[in-house]
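Enquirer: Data: start.cif, mmCIF, C-alpha atoms (C1' of nucleotides).
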```cif
data_query
loop_
_atom_site.label_atom_id
_atom_site.label_comp_id
_atom_site.auth_asym_id
_atom_site.auth_seq_id
_atom_site.Cartn_x
_atom_site.Cartn_y
_atom_site.Cartn_z
CA MET A 1 -16.71 9.52 8.16
CA ALA A 2 -18.01 8.13 4.92
CA LEU A 3 -15.85 8.71 1.92
CA SER A 4 -17.34 10.51 -1.01
CA LEU A 5 -16.65 10.00 -4.65
CA ASP A 6 -14.95 13.39 -4.58
CA LEU A 7 -12.41 12.14 -2.07
CA LYS A 8 -11.75 9.07 -4.19
CA ARG A 9 -11.31 11.27 -7.23
CA SER A 10 -8.75 13.42 -5.45
CA ILE A 11 -6.69 10.31 -4.70
CA TRP A 12 -6.99 8.99 -8.25
CA GLN A 13 -5.92 12.37 -9.59
CA VAL A 14 -2.72 12.35 -7.58
CA VAL A 15 -1.88 8.80 -8.64
CA ALA A 16 -2.53 9.74 -12.24
CA SER A 17 -0.08 12.61 -11.99
CA ILE A 18 2.92 10.56 -10.85
CA PRO A 19 5.45 11.06 -13.66
CA VAL A 20 6.76 8.16 -15.71
CA GLY A 21 9.86 6.73 -14.10
CA ARG A 22 8.98 8.04 -10.63
CA VAL A 23 7.24 6.39 -7.67
CA ALA A 24 5.23 7.67 -4.70
CA THR A 25 4.31 6.17 -1.33
CA TYR A 26 0.80 5.52 -0.06
CA GLY A 27 1.17 8.10 2.68
CA GLN A 28 2.59 10.65 0.26
CA ILE A 29 -0.40 10.27 -2.01
CA ALA A 30 -2.85 10.62 0.85
CA SER A 31 -1.15 13.81 2.01
CA MET A 32 -0.87 15.29 -1.47
CA ALA A 33 -4.56 14.67 -1.94
CA GLY A 34 -5.24 16.65 1.21
CA GLN A 35 -6.04 13.53 3.25
CA PRO A 36 -3.08 12.91 5.55
CA GLY A 37 -3.33 9.77 7.66
CA ARG A 38 -5.27 7.81 5.09
CA ALA A 39 -2.42 5.79 3.62
CA ARG A 40 -4.24 2.52 4.29
CA TRP A 41 -7.24 3.79 2.49
CA VAL A 42 -5.15 4.64 -0.57
CA GLY A 43 -4.06 1.01 -0.65
CA ARG A 44 -7.59 -0.23 -0.50
CA LEU A 45 -8.67 2.14 -3.24
CA LEU A 46 -5.95 0.79 -5.52
CA SER A 47 -7.01 -2.76 -4.69
CA GLU A 48 -10.47 -1.96 -6.01
CA LEU A 49 -9.32 -0.65 -9.39
CA PRO A 50 -10.67 -2.45 -12.43
CA GLN A 51 -8.06 -4.58 -14.13
CA ALA A 52 -8.25 -2.48 -17.28
CA THR A 53 -7.54 0.79 -15.50
CA THR A 54 -5.10 3.24 -17.05
CA LEU A 55 -4.10 4.58 -13.64
CA PRO A 56 -0.36 4.02 -13.01
CA TRP A 57 -0.91 2.06 -9.78
CA HIS A 58 2.43 0.31 -10.30
CA ARG A 59 4.20 3.54 -9.31
CA VAL A 60 2.88 3.30 -5.76
CA VAL A 61 4.94 1.56 -3.05
CA ASN A 62 5.10 1.69 0.73
CA ALA A 63 7.21 4.05 2.82
CA SER A 64 10.12 1.60 2.74
CA GLY A 65 10.18 1.36 -1.03
CA GLN A 66 8.69 -2.11 -0.98
CA ILE A 67 6.02 -3.49 -3.24
CA THR A 68 3.14 -4.68 -1.09
CA ASN A 69 0.56 -5.33 -3.77
CA PRO A 70 -0.08 -9.07 -3.36
CA HIS A 71 -0.97 -9.49 -7.04
CA ALA A 72 2.45 -8.20 -8.02
CA LEU A 73 4.21 -10.60 -5.71
CA ILE A 74 2.78 -13.80 -7.12
CA GLN A 75 5.56 -16.06 -8.28
CA ILE A 76 5.66 -17.02 -11.92
CA GLN A 77 4.24 -20.50 -12.38
CA ARG A 78 4.84 -22.68 -15.41
CA ASN A 79 3.18 -25.84 -16.57
CA ALA A 80 4.92 -28.99 -17.80
CA SER A 81 5.43 -27.39 -21.20
CA GLY A 82 7.18 -24.40 -19.71
CA GLN A 83 4.37 -21.97 -20.44
CA ILE A 84 3.44 -19.33 -17.88
CA THR A 85 0.31 -20.36 -16.00
CA ASN A 86 -0.25 -17.06 -14.27
CA PRO A 87 -0.24 -14.15 -16.73
CA HIS A 88 -0.55 -11.58 -13.94
CA ALA A 89 2.69 -12.55 -12.28
CA LEU A 90 5.09 -9.75 -11.53
CA ILE A 91 3.13 -7.13 -13.45
CA GLN A 92 4.21 -4.30 -11.20
CA ILE A 93 7.89 -5.20 -11.33
CA GLN A 94 7.77 -5.55 -15.10
CA ARG A 95 6.08 -2.20 -15.60
CA LEU A 96 8.58 -0.46 -13.34
CA ALA A 97 11.41 -2.07 -15.26
CA LEU A 98 10.00 -0.60 -18.48
CA GLU A 99 10.33 2.82 -16.85
CA GLY A 100 13.91 2.21 -15.87
CA ILE A 101 13.32 1.33 -12.23
CA LYS A 102 15.13 -1.69 -10.84
CA VAL A 103 13.39 -3.86 -8.26
CA ASN A 104 15.26 -6.37 -6.14
CA ASN A 105 13.40 -8.67 -3.75
CA ALA A 106 10.28 -6.54 -4.14
CA ARG A 107 12.25 -3.47 -3.07
CA LEU A 108 13.32 -0.35 -4.95
CA SER A 109 15.29 2.76 -4.05
CA LEU A 110 13.04 5.60 -2.90
CA LYS A 111 16.10 7.79 -2.68
CA GLN A 112 16.58 7.48 -6.42
CA HIS A 113 13.04 7.25 -7.69
CA GLN A 114 10.60 8.90 -5.32
CA TRP A 115 8.49 11.60 -6.91
CA GLN A 116 9.22 14.96 -5.31
CA PRO A 117 7.09 17.71 -6.88
"C1'" DC B 1 -21.34 -0.57 20.02
"C1'" DC B 2 -17.49 -3.92 19.34
"C1'" DT B 3 -14.17 -6.61 16.94
"C1'" DA B 4 -11.40 -7.80 13.01
"C1'" DT B 5 -9.07 -6.71 8.83
"C1'" DG B 6 -5.97 -4.46 5.58
"C1'" DA B 7 -1.59 -2.84 -1.44
"C1'" DC B 8 0.07 1.78 5.75
"C1'" DC B 9 3.50 4.38 8.96
"C1'" DA B 10 6.88 5.92 12.56
"C1'" DT B 11 9.65 4.56 16.14
"C1'" DA B 12 12.56 1.72 19.13
"C1'" DG B 13 15.77 -1.85 19.92
"C1'" DC C 1 19.00 -5.25 8.00
"C1'" DC C 2 15.17 -7.22 11.00
"C1'" DT C 3 11.21 -7.65 14.31
"C1'" DA C 4 7.90 -5.75 17.54
"C1'" DT C 5 4.67 -2.25 18.88
"C1'" DG C 6 1.30 1.20 18.84
"C1'" DG C 7 -1.21 4.17 16.00
"C1'" DC C 8 -3.90 5.06 12.09
"C1'" DC C 9 -8.79 4.89 9.57
"C1'" DA C 10 -12.57 3.13 6.53
"C1'" DT C 11 -15.34 -1.20 6.05
"C1'" DA C 12 -17.56 -5.42 7.10
"C1'" DG C 13 -20.04 -8.36 10.19
#
```
Have the structure of the file written as structure tokens, please.
Expert:
Amino acid sequence: MALSLDLKRSIWQVVASIPVGRVATYGQIASMAGQPGRARWVGRLLSELPQATTLPWHRVVNASGQITNPHALIQIQRNASGQITNPHALIQIQRLALEGIKVNNARLSLKQHQWQP
DNA sequence: CCTATGACCATAG
DNA sequence: CCTATGGCCATAG
């Protein structure tokens, strides 16, 4: 079944409504958008977001509370002068930290932070 | 049509 | 905690 723009919009809407300081899982978002079983598709949709998006994609993790966004897992690299070579390193972890969510080894506590409407 | 590939998930050991 | 397994489902070739 081809996926319409409407279905994409319903996913985006749910992601946009995750409160600050809370997180949601891929499967949770799919279900809340009325599309249970499409967790993988949620991940792909987020991977296609423009870099300048205002959508809080950093509040989405997998069912184990782990960050699986490869861009967020890039290690910080520095040149000989000590300057960061890769500005995109650890974006997701940094944004979550700003919202008061601790991440250790790419893992956070769903028990404490999962969004439960 | 078939296979391969994911920012996934639940379960079993 | 970890790995392995089978299922999931849209897309790409």
Enquirer: Take the point (4.4, 7.9, 13.8) in the file's coordinates, draw a sphere of radius 10 Å around it, and report as an mmCIF file with C-alpha atoms (C1' of nucleotides), keeping the file's coordinate frame every protein, DNA or RNA residue with an atom inside or on it, counting all atoms listed in the file.
Expert:
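Done, and the output landed in out_10.cif:
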```cif
data_model
loop_
_atom_site.group_PDB
_atom_site.id
_atom_site.type_symbol
_atom_site.label_atom_id
_atom_site.label_comp_id
_atom_site.auth_asym_id
_atom_site.auth_seq_id
_atom_site.Cartn_x
_atom_site.Cartn_y
_atom_site.Cartn_z
ATOM 1 C "C1'" DC B 9 3.500 4.380 8.960
ATOM 2 C "C1'" DA B 10 6.880 5.920 12.560
ATOM 3 C "C1'" DT B 11 9.650 4.560 16.140
ATOM 4 C "C1'" DG C 6 1.300 1.200 18.840
ATOM 5 C "C1'" DG C 7 -1.210 4.170 16.000
ATOM 6 C "C1'" DC C 8 -3.900 5.060 12.090
#
```
Enquirer: Please write as number ranges by chain the full residue list that the PyMOL selection byres ((chain B) within 9 of (chain A)) yields on this file.
Expert: B: 6-9
Enquirer: Residues of chain C within 10 Å of chain A, using only C-alpha atoms (C1' of nucleotides), as a ChimeraX atom specification?
Expert: /C:8-11
Enquirer: I'd like the interatomic distance between CA of Ala24 (chain A) and CA of Gln112 (chain A), to a tenth of an Å.
Expert: 11.5 Å
Enquirer: Apply the PyMOL selection byres ((chain A and resi 11) around 8) to the displayed file and report the matching residues as a tab-separated table (two decimals) with C-alpha atoms, in the coordinates of the input.
Expert:
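Final file, result22.tsv:
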```
chain	number	residue	atom	x	y	z
A	7	LEU	CA	-12.41	12.14	-2.07
A	8	LYS	CA	-11.75	9.07	-4.19
A	9	ARG	CA	-11.31	11.27	-7.23
A	10	SER	CA	-8.75	13.42	-5.45
A	12	TRP	CA	-6.99	8.99	-8.25
A	13	GLN	CA	-5.92	12.37	-9.59
A	14	VAL	CA	-2.72	12.35	-7.58
A	15	VAL	CA	-1.88	8.80	-8.64
A	29	ILE	CA	-0.40	10.27	-2.01
A	30	ALA	CA	-2.85	10.62	0.85
A	33	ALA	CA	-4.56	14.67	-1.94
A	42	VAL	CA	-5.15	4.64	-0.57
```
Enquirer: Provide the CA of Asp6 (chain A) to CA of Gln114 (chain A) distance in Å, to one decimal place.
Expert: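 That distance, rounded to one decimal, is 26.0 Å.
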Enquirer: Any chance you could work out the residue set of the PyMOL selection byres ((chain B and resi 4) around 10) here, as a PyMOL selection string?
Expert: (chain B and resi 2-3+5-6) or (chain C and resi 12-13)
Enquirer: For a quick check of understanding, using only C-alpha atoms, which of A:Pro56, A:Gly34, A:Ser4, A:Gly65 has the smallest distance to Lys102 (chain A)?
Expert: A:Gly65
Enquirer: To test the calculation: enclose all listed atoms of chain B in a box whose edges run along x, y and z, add 6 Å on each side, then state centre and edge lengths in Å to one decimal, as AutoDock Vina command-line options.
Expert:
```
--center_x -2.8 --center_y -0.9 --center_z 9.3 --size_x 49.1 --size_y 25.7 --size_z 33.5
```
Enquirer: Please compute the CA of Val23 (chain A)-CA of Gln116 (chain A) distance, one decimal, in Å.
Expert: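 CA of Gln116 (chain A) lies 9.1 Å from CA of Val23 (chain A).
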Enquirer: Residues proximal to (3.7, -1.8, -16.8) were defined as those with any atom within 12 Å of that point in the file's coordinates, counting all atoms listed in the file. Which are they, as a ChimeraX atom specification?
Expert: /A:20-21,52-59,72,88-101
